[in-house]
>>> print(open('input18.cif').read())   # mmCIF, C-alpha atoms
data_coords
loop_
_atom_site.group_PDB
_atom_site.id
_atom_site.type_symbol
_atom_site.label_atom_id
_atom_site.label_comp_id
_atom_site.auth_asym_id
_atom_site.auth_seq_id
_atom_site.Cartn_x
_atom_site.Cartn_y
_atom_site.Cartn_z
ATOM 1 C CA MET A 68 93.082 98.653 206.869
ATOM 2 C CA ASN A 69 90.472 101.259 205.989
ATOM 3 C CA LYS A 70 92.592 102.363 203.043
ATOM 4 C CA LEU A 71 92.835 98.777 201.763
ATOM 5 C CA PHE A 72 89.075 98.316 202.149
ATOM 6 C CA GLY A 73 88.479 101.522 200.210
ATOM 7 C CA LEU A 74 90.727 100.330 197.375
ATOM 8 C CA ILE A 75 88.876 97.019 197.222
ATOM 9 C CA ILE A 76 85.496 98.788 197.046
ATOM 10 C CA ALA A 77 86.801 101.104 194.318
ATOM 11 C CA ALA A 78 88.134 98.131 192.337
ATOM 12 C CA VAL A 79 84.799 96.320 192.629
ATOM 13 C CA ILE A 80 82.899 99.412 191.447
ATOM 14 C CA ILE A 81 85.227 99.810 188.461
ATOM 15 C CA PHE A 82 84.901 96.114 187.576
ATOM 16 C CA VAL A 83 81.099 96.193 187.723
ATOM 17 C CA THR A 84 80.949 99.432 185.712
ATOM 18 C CA VAL A 85 83.212 98.037 182.990
ATOM 19 C CA LYS A 86 81.238 94.788 182.882
ATOM 20 C CA ILE A 87 77.950 96.665 182.494
ATOM 21 C CA PHE A 88 79.436 98.845 179.753
ATOM 22 C CA PHE A 89 80.682 95.877 177.724
ATOM 23 C CA ARG A 90 77.223 94.314 177.943
ATOM 24 C CA SER A 91 75.405 97.511 176.995
ATOM 25 C CA SER A 92 73.545 97.903 173.707
ATOM 26 C CA ALA A 93 75.596 101.029 172.968
ATOM 27 C CA PHE A 94 78.877 99.100 173.152
ATOM 28 C CA LYS A 95 77.486 96.213 171.101
ATOM 29 C CA GLY A 96 76.242 98.722 168.547
ATOM 30 C CA LYS A 97 79.702 100.273 168.211
ATOM 31 C CA ILE A 98 81.272 96.839 167.804
ATOM 32 C CA GLY A 99 78.790 96.073 165.027
ATOM 33 C CA GLU A 100 79.419 99.413 163.316
ATOM 34 C CA HIS A 101 83.183 98.810 163.375
ATOM 35 C CA LYS A 102 82.748 95.348 161.857
ATOM 36 C CA VAL A 103 80.555 96.712 159.070
ATOM 37 C CA TYR A 104 82.960 99.611 158.506
ATOM 38 C CA ARG A 105 85.797 97.114 157.944
ATOM 39 C CA ALA A 106 83.605 95.238 155.467
ATOM 40 C CA LEU A 107 82.696 98.513 153.765
ATOM 41 C CA LYS A 108 86.357 99.427 153.315
ATOM 42 C CA ARG A 109 86.892 96.137 151.497
ATOM 43 C CA CYS A 110 84.077 97.095 149.095
ATOM 44 C CA ARG A 111 85.630 100.381 148.023
ATOM 45 C CA ILE A 112 86.876 101.140 144.563
ATOM 46 C CA GLU A 113 89.355 103.922 143.815
ATOM 47 C CA GLY A 114 88.068 107.321 144.887
ATOM 48 C CA ASP A 115 85.256 106.041 147.142
ATOM 49 C CA LYS A 116 84.589 108.073 150.304
ATOM 50 C CA ILE A 117 83.107 106.868 153.596
ATOM 51 C CA ILE A 118 81.454 108.957 156.303
ATOM 52 C CA ASN A 119 80.698 107.295 159.635
ATOM 53 C CA ASP A 120 78.148 108.191 162.310
ATOM 54 C CA ILE A 121 76.592 111.374 160.979
ATOM 55 C CA THR A 122 73.385 112.984 162.239
ATOM 56 C CA LEU A 123 71.478 114.984 159.627
ATOM 57 C CA VAL A 124 68.634 117.453 160.126
ATOM 58 C CA ASN A 125 65.570 117.051 157.934
ATOM 59 C CA PRO A 126 65.081 120.515 156.356
ATOM 60 C CA GLU A 127 61.320 119.908 156.092
ATOM 61 C CA ASN A 128 60.542 119.447 159.797
ATOM 62 C CA GLY A 129 63.746 119.848 161.831
ATOM 63 C CA MET A 130 63.804 116.184 162.862
ATOM 64 C CA THR A 131 67.144 114.356 162.917
ATOM 65 C CA SER A 132 68.389 111.097 161.407
ATOM 66 C CA GLN A 133 71.519 109.304 162.625
ATOM 67 C CA ILE A 134 73.179 107.327 159.830
ATOM 68 C CA ASP A 135 75.844 104.748 160.696
ATOM 69 C CA HIS A 136 77.731 104.874 157.385
ATOM 70 C CA ILE A 137 77.425 106.687 154.079
ATOM 71 C CA LEU A 138 79.378 105.460 151.061
ATOM 72 C CA VAL A 139 79.842 108.174 148.425
ATOM 73 C CA SER A 140 81.015 106.589 145.195
ATOM 74 C CA THR A 141 80.865 107.009 141.452
ATOM 75 C CA ARG A 142 78.570 103.953 141.721
ATOM 76 C CA GLY A 143 76.099 106.058 143.729
ATOM 77 C CA ILE A 144 75.359 107.049 147.318
ATOM 78 C CA PHE A 145 74.580 104.371 149.896
ATOM 79 C CA ALA A 146 73.065 104.899 153.361
ATOM 80 C CA ILE A 147 74.024 101.914 155.499
ATOM 81 C CA GLU A 148 72.299 100.952 158.741
ATOM 82 C CA THR A 149 74.070 98.496 161.064
ATOM 83 C CA LYS A 150 72.376 96.083 163.457
ATOM 84 C CA ASN A 151 74.393 93.912 165.852
ATOM 85 C CA TYR A 152 71.559 91.753 167.178
ATOM 86 C CA SER A 153 72.117 88.153 168.231
ATOM 87 C CA GLY A 154 69.616 85.307 168.082
ATOM 88 C CA ARG A 155 67.096 84.607 165.329
ATOM 89 C CA ILE A 156 65.759 87.667 163.502
ATOM 90 C CA ILE A 157 62.417 87.469 161.694
ATOM 91 C CA GLY A 158 61.092 90.246 159.461
ATOM 92 C CA SER A 159 60.381 91.461 155.947
ATOM 93 C CA ASP A 160 60.320 94.697 153.951
ATOM 94 C CA LYS A 161 56.587 95.175 154.533
ATOM 95 C CA ASP A 162 56.609 94.559 158.313
ATOM 96 C CA GLU A 163 56.487 97.543 160.666
ATOM 97 C CA THR A 164 58.124 95.586 163.502
ATOM 98 C CA TRP A 165 60.627 92.721 163.435
ATOM 99 C CA THR A 166 61.199 89.980 165.988
ATOM 100 C CA GLN A 167 64.311 88.823 167.832
ATOM 101 C CA ILE A 168 64.227 85.345 169.413
ATOM 102 C CA LEU A 169 66.778 84.425 172.081
ATOM 103 C CA ALA A 170 67.437 81.624 174.578
ATOM 104 C CA GLY A 171 65.875 78.909 172.447
ATOM 105 C CA GLY A 172 62.616 80.802 172.121
ATOM 106 C CA ASN A 173 62.245 81.773 175.769
ATOM 107 C CA VAL A 174 62.988 85.453 175.088
ATOM 108 C CA VAL A 175 61.151 87.333 172.340
ATOM 109 C CA ASN A 176 61.795 91.014 171.594
ATOM 110 C CA GLU A 177 60.216 93.276 169.008
ATOM 111 C CA PHE A 178 61.929 96.230 167.366
ATOM 112 C CA ARG A 179 61.142 98.722 164.627
ATOM 113 C CA SER A 180 61.888 97.550 161.100
ATOM 114 C CA PRO A 181 65.447 98.655 160.262
ATOM 115 C CA VAL A 182 64.417 98.775 156.594
ATOM 116 C CA LYS A 183 61.731 101.387 157.294
ATOM 117 C CA GLN A 184 64.144 103.183 159.641
ATOM 118 C CA ASN A 185 66.758 103.358 156.900
ATOM 119 C CA ASN A 186 64.169 104.441 154.324
ATOM 120 C CA THR A 187 63.710 107.589 156.423
ATOM 121 C CA HIS A 188 67.487 108.089 156.446
ATOM 122 C CA VAL A 189 67.515 107.877 152.644
ATOM 123 C CA TYR A 190 64.654 110.382 152.426
ATOM 124 C CA VAL A 191 66.480 112.881 154.675
ATOM 125 C CA LEU A 192 69.744 112.345 152.809
ATOM 126 C CA LYS A 193 68.085 113.217 149.499
ATOM 127 C CA LYS A 194 66.591 116.384 151.024
ATOM 128 C CA VAL A 195 69.901 117.462 152.540
ATOM 129 C CA LEU A 196 71.829 116.875 149.324
ATOM 130 C CA GLU A 197 69.014 118.478 147.289
ATOM 131 C CA SER A 198 69.429 115.662 144.811
ATOM 132 C CA ASP A 199 66.949 113.714 142.705
ATOM 133 C CA ALA A 200 69.505 110.927 142.425
ATOM 134 C CA PHE A 201 68.327 107.543 143.620
ATOM 135 C CA ILE A 202 70.141 106.884 146.905
ATOM 136 C CA SER A 203 70.290 103.250 147.928
ATOM 137 C CA GLY A 204 69.656 102.053 151.492
ATOM 138 C CA ILE A 205 71.306 98.900 152.827
ATOM 139 C CA VAL A 206 70.786 97.217 156.224
ATOM 140 C CA VAL A 207 73.675 95.040 157.431
ATOM 141 C CA PHE A 208 73.315 92.546 160.294
ATOM 142 C CA ALA A 209 76.814 92.353 161.742
ATOM 143 C CA GLN A 210 76.358 88.788 163.036
ATOM 144 C CA GLY A 211 75.086 87.537 159.682
ATOM 145 C CA ASN A 212 71.861 86.124 161.143
ATOM 146 C CA ILE A 213 69.639 86.976 158.169
ATOM 147 C CA GLY A 214 68.326 83.502 157.313
ATOM 148 C CA GLN A 215 64.744 84.327 158.317
ATOM 149 C CA ILE A 216 64.678 87.868 156.926
ATOM 150 C CA SER A 217 62.872 88.584 153.680
ATOM 151 C CA GLY A 218 64.379 91.892 152.636
ATOM 152 C CA SER A 219 65.769 93.005 149.300
ATOM 153 C CA CYS A 220 68.173 95.487 150.907
ATOM 154 C CA VAL A 221 69.339 93.328 153.862
ATOM 155 C CA CYS A 222 72.673 91.506 153.943
ATOM 156 C CA SER A 223 75.519 90.237 156.109
ATOM 157 C CA PRO A 224 78.977 91.878 156.144
ATOM 158 C CA LYS A 225 80.160 89.220 153.677
ATOM 159 C CA GLY A 226 77.306 90.044 151.314
ATOM 160 C CA LEU A 227 77.804 93.823 151.428
ATOM 161 C CA LYS A 228 80.075 93.991 148.379
ATOM 162 C CA ASN A 229 77.576 92.135 146.198
ATOM 163 C CA LYS A 230 74.676 94.224 147.557
ATOM 164 C CA ILE A 231 76.468 97.453 146.590
ATOM 165 C CA SER A 232 77.339 96.089 143.138
ATOM 166 C CA CYS A 233 73.725 95.078 142.457
ATOM 167 C CA ALA A 234 72.038 98.147 143.966
ATOM 168 C CA LYS A 235 69.949 100.362 141.713
ATOM 169 C CA ALA A 236 71.775 103.621 142.421
ATOM 170 C CA THR A 237 72.485 106.603 140.187
ATOM 171 C CA GLU A 238 76.059 106.743 138.934
ATOM 172 C CA LEU A 239 77.992 109.912 139.698
ATOM 173 C CA SER A 240 80.910 111.646 138.052
ATOM 174 C CA PRO A 241 84.077 111.996 140.170
ATOM 175 C CA GLU A 242 83.277 115.706 140.505
ATOM 176 C CA GLN A 243 79.735 114.998 141.776
ATOM 177 C CA ARG A 244 81.048 112.376 144.181
ATOM 178 C CA ASP A 245 83.563 114.805 145.674
ATOM 179 C CA GLU A 246 80.971 117.594 145.874
ATOM 180 C CA TYR A 247 78.517 115.433 147.830
ATOM 181 C CA PHE A 248 81.273 114.118 150.094
ATOM 182 C CA ASN A 249 82.554 117.624 150.885
ATOM 183 C CA LEU A 250 79.010 118.796 151.702
ATOM 184 C CA LEU A 251 78.405 115.868 154.056
ATOM 185 C CA SER A 252 81.804 116.370 155.695
ATOM 186 C CA LYS A 253 80.932 119.994 156.468
ATOM 187 C CA LEU A 254 77.565 118.932 157.866
ATOM 188 C CA LYS A 255 79.254 116.385 160.112
ATOM 189 C CA GLU A 256 81.535 119.094 161.531
ATOM 190 C CA HIS A 257 78.404 120.857 162.792
ATOM 191 C CA SER A 258 76.437 117.706 163.565
ATOM 192 C CA VAL A 259 73.751 117.940 166.253
ATOM 193 C CA SER A 260 74.409 116.485 169.688
ATOM 194 C CA LYS A 261 73.303 113.020 170.730
ATOM 195 C CA ARG A 262 71.101 114.625 173.382
ATOM 196 C CA ARG A 263 69.242 116.676 170.781
ATOM 197 C CA HIS A 264 68.884 113.637 168.538
ATOM 198 C CA ILE A 265 67.294 111.581 171.354
ATOM 199 C CA LYS A 266 64.963 114.490 172.140
ATOM 200 C CA ASN A 267 63.946 114.644 168.474
ATOM 201 C CA ILE A 268 63.245 110.903 168.423
ATOM 202 C CA ARG A 269 60.781 111.360 171.292
ATOM 203 C CA ARG A 270 59.146 114.302 169.517
ATOM 204 C CA GLN A 271 58.897 112.240 166.352
ATOM 205 C CA GLN A 272 57.205 109.369 168.194
ATOM 206 C CA LYS A 273 54.611 111.779 169.623
ATOM 207 C CA ARG A 274 53.935 113.280 166.191
ATOM 208 C CA LEU A 275 53.538 109.790 164.742
ATOM 209 C CA ARG A 276 50.927 108.926 167.383
ATOM 210 C CA ARG A 277 49.049 112.102 166.390
ATOM 211 C CA GLY A 278 48.954 110.979 162.741
ATOM 212 C CA VAL A 279 51.702 113.258 161.422
ATOM 213 C CA CYS A 280 54.211 111.902 158.916
ATOM 214 C CA PRO A 281 57.678 111.974 160.555
ATOM 215 C CA ARG A 282 59.369 112.646 157.233
ATOM 216 C CA CYS A 283 57.485 115.506 155.610
ATOM 217 C CA ASN A 284 54.775 116.663 158.090
ATOM 218 C CA GLY A 285 52.033 115.294 155.854
ATOM 219 C CA LYS A 286 48.873 113.774 157.314
ATOM 220 C CA LEU A 287 48.702 109.991 157.697
ATOM 221 C CA VAL A 288 45.567 108.714 155.970
ATOM 222 C CA LEU A 289 44.020 105.250 155.867
ATOM 223 C CA ARG A 290 44.772 103.364 152.656
ATOM 224 C CA THR A 291 44.289 99.836 151.306
ATOM 225 C CA GLY A 292 47.078 97.878 149.634
ATOM 226 C CA ARG A 293 48.080 94.328 148.711
ATOM 227 C CA TYR A 294 48.450 93.334 152.354
ATOM 228 C CA GLY A 295 45.370 95.082 153.692
ATOM 229 C CA GLU A 296 44.801 98.463 155.317
ATOM 230 C CA PHE A 297 47.625 100.737 156.468
ATOM 231 C CA TYR A 298 48.375 104.412 157.092
ATOM 232 C CA GLY A 299 50.173 106.246 154.305
ATOM 233 C CA CYS A 300 51.391 109.802 153.892
ATOM 234 C CA SER A 301 48.969 112.208 152.200
ATOM 235 C CA ASN A 302 51.920 113.565 150.184
ATOM 236 C CA PHE A 303 52.372 110.286 148.283
ATOM 237 C CA PRO A 304 54.036 109.768 145.770
ATOM 238 C CA LYS A 305 56.455 112.473 146.925
ATOM 239 C CA CYS A 306 56.679 110.738 150.297
ATOM 240 C CA HIS A 307 56.393 106.940 150.643
ATOM 241 C CA PHE A 308 56.129 106.711 154.439
ATOM 242 C CA THR A 309 53.756 104.010 155.690
ATOM 243 C CA LYS A 310 52.642 102.750 159.084
ATOM 244 C CA ASP A 311 50.784 99.573 160.030
ATOM 245 C CA LEU A 312 47.414 99.774 161.747
#
>>> encode(input="input18.cif", output="structure tokens")
Amino acid sequence: MNKLFGLIIAAVIIFVTVKIFFRSSAFKGKIGEHKVYRALKRCRIEGDKIINDITLVNPENGMTSQIDHILVSTRGIFAIETKNYSGRIIGSDKDETWTQILAGGNVVNEFRSPVKQNNTHVYVLKKVLESDAFISGIVVFAQGNIGQISGSCVCSPKGLKNKISCAKATELSPEQRDEYFNLLSKLKEHSVSKRRHIKNIRRQQKRLRRGVCPRCNGKLVLRTGRYGEFYGCSNFPKCHFTKDL
């Protein structure tokens, strides 16, 4: 009897653990990344290379950037950020934070702009590759809920092929493409751990609160633009990082 009771308890624990895992943001994120990866494979032309889930170290400040997918093509290099958020998503290129609306408006969440997040990935990628080539950033919402997003580099999985075709990227020779791909592949072999990456994110958030640019260590200074005042990097135009007041 005790043995049977123990088996039942163990089964319940396993069931609850599995249920929690399948509802976790990490699992949903992986599902979204896989969906976008399948869409990305359909966008390839002959010779294109894809690198998934790579964490790069910014040579300027030691901070890390985790990139979901990188497409290395003769059409250019594309850093692709995946978001698998449900509900209504509201945001634009200029907004620091975006909004997620769930349950008919009863649940409202805010999250950092994935466009600005991916802009940092592009910046780090250019530094790592030591290239002046224009590298294009694309944000893909796996569930296709982009109707209320105003973003020039945002698309659904179905729109990814057109977004790549229309992107303003620098064309590469087959030799350049293979060179960049081989370099990134070697970097992925020695990629930093997830634990270190999370630690670096916390460090980066602290530096940002102290007015330090998370990309290049420049000082954030108050500026005025089309949409009012904001903080911009003192190393502009070399660095285009901005932060809302």
>>> resolve_selection(input="input18.cif", expression="the PyMOL selection byres ((chain A and resi 128-139) around 8)", output="PyMOL selection string")
chain A and resi 100+104+115-127+140-141+143-149+187-188+191+244+247-248+264+267-268+271+281-284
>>> write_last_selection(input="input18.cif", atoms="C-alpha atoms", output="compact mmCIF listing (two decimals), keeping the file's coordinate frame")
# COMPACT_ATOMS: atom_id res chain seq x y z
CA GLU A 100 79.42 99.41 163.32
CA TYR A 104 82.96 99.61 158.51
CA ASP A 115 85.26 106.04 147.14
CA LYS A 116 84.59 108.07 150.30
CA ILE A 117 83.11 106.87 153.60
CA ILE A 118 81.45 108.96 156.30
CA ASN A 119 80.70 107.30 159.64
CA ASP A 120 78.15 108.19 162.31
CA ILE A 121 76.59 111.37 160.98
CA THR A 122 73.39 112.98 162.24
CA LEU A 123 71.48 114.98 159.63
CA VAL A 124 68.63 117.45 160.13
CA ASN A 125 65.57 117.05 157.93
CA PRO A 126 65.08 120.52 156.36
CA GLU A 127 61.32 119.91 156.09
CA SER A 140 81.02 106.59 145.20
CA THR A 141 80.86 107.01 141.45
CA GLY A 143 76.10 106.06 143.73
CA ILE A 144 75.36 107.05 147.32
CA PHE A 145 74.58 104.37 149.90
CA ALA A 146 73.06 104.90 153.36
CA ILE A 147 74.02 101.91 155.50
CA GLU A 148 72.30 100.95 158.74
CA THR A 149 74.07 98.50 161.06
CA THR A 187 63.71 107.59 156.42
CA HIS A 188 67.49 108.09 156.45
CA VAL A 191 66.48 112.88 154.68
CA ARG A 244 81.05 112.38 144.18
CA TYR A 247 78.52 115.43 147.83
CA PHE A 248 81.27 114.12 150.09
CA HIS A 264 68.88 113.64 168.54
CA ASN A 267 63.95 114.64 168.47
CA ILE A 268 63.24 110.90 168.42
CA GLN A 271 58.90 112.24 166.35
CA PRO A 281 57.68 111.97 160.56
CA ARG A 282 59.37 112.65 157.23
CA CYS A 283 57.48 115.51 155.61
CA ASN A 284 54.78 116.66 158.09
>>> closest_residue(input="input18.cif", among="A:Thr237, A:Ser252, A:Ser217, A:Asn186", to="Gly204 (chain A)", atoms="all atoms listed in the file")
A:Asn186
>>> axis_aligned_box(input="input18.cif", around="region 296-310 of chain A", padding_each_side="6 Å", output="AutoDock Vina command-line options")
--center_x 50.7 --center_y 106.0 --center_z 152.4 --size_x 23.9 --size_y 27.1 --size_z 25.3
>>> closest_residue(input="input18.cif", among="A:Tyr298, A:Arg142, A:Leu107, A:Gln210", to="Arg155 (chain A)", atoms="all atoms listed in the file")
A:Gln210
>>> atom_distance(input="input18.cif", atom1="CA of Lys310 (chain A)", atom2="CA of Ser198 (chain A)")
25.5 Å
>>> resolve_selection(input="input18.cif", expression="the PyMOL selection byres ((chain A and resi 224) around 12)", output="JSON, numbers by chain")
{"A": [99, 100, 101, 102, 103, 104, 105, 106, 107, 108, 109, 110, 147, 148, 149, 150, 151, 205, 206, 207, 208, 209, 210, 211, 212, 213, 221, 222, 223, 225, 226, 227, 228, 229, 230, 231]}
>>> atom_distance(input="input18.cif", atom1="CA of Leu196 (chain A)", atom2="CA of Lys305 (chain A)")
16.2 Å
>>> closest_residue(input="input18.cif", among="A:Cys300, A:Leu239, A:Leu254, A:Val189", to="Gly114 (chain A)", atoms="only C-alpha atoms")
A:Leu239
>>> atom_distance(input="input18.cif", atom1="CA of Glu256 (chain A)", atom2="CA of Glu197 (chain A)")
19.0 Å
>>> closest_residue(input="input18.cif", among="A:Glu163, A:Glu238, A:Gly285, A:Arg290", to="Asn302 (chain A)", atoms="all atoms listed in the file")
A:Gly285
>>> closest_residue(input="input18.cif", among="A:Gln167, A:Thr309, A:Asn173, A:Ser219", to="Gly278 (chain A)", atoms="all atoms listed in the file")
A:Thr309
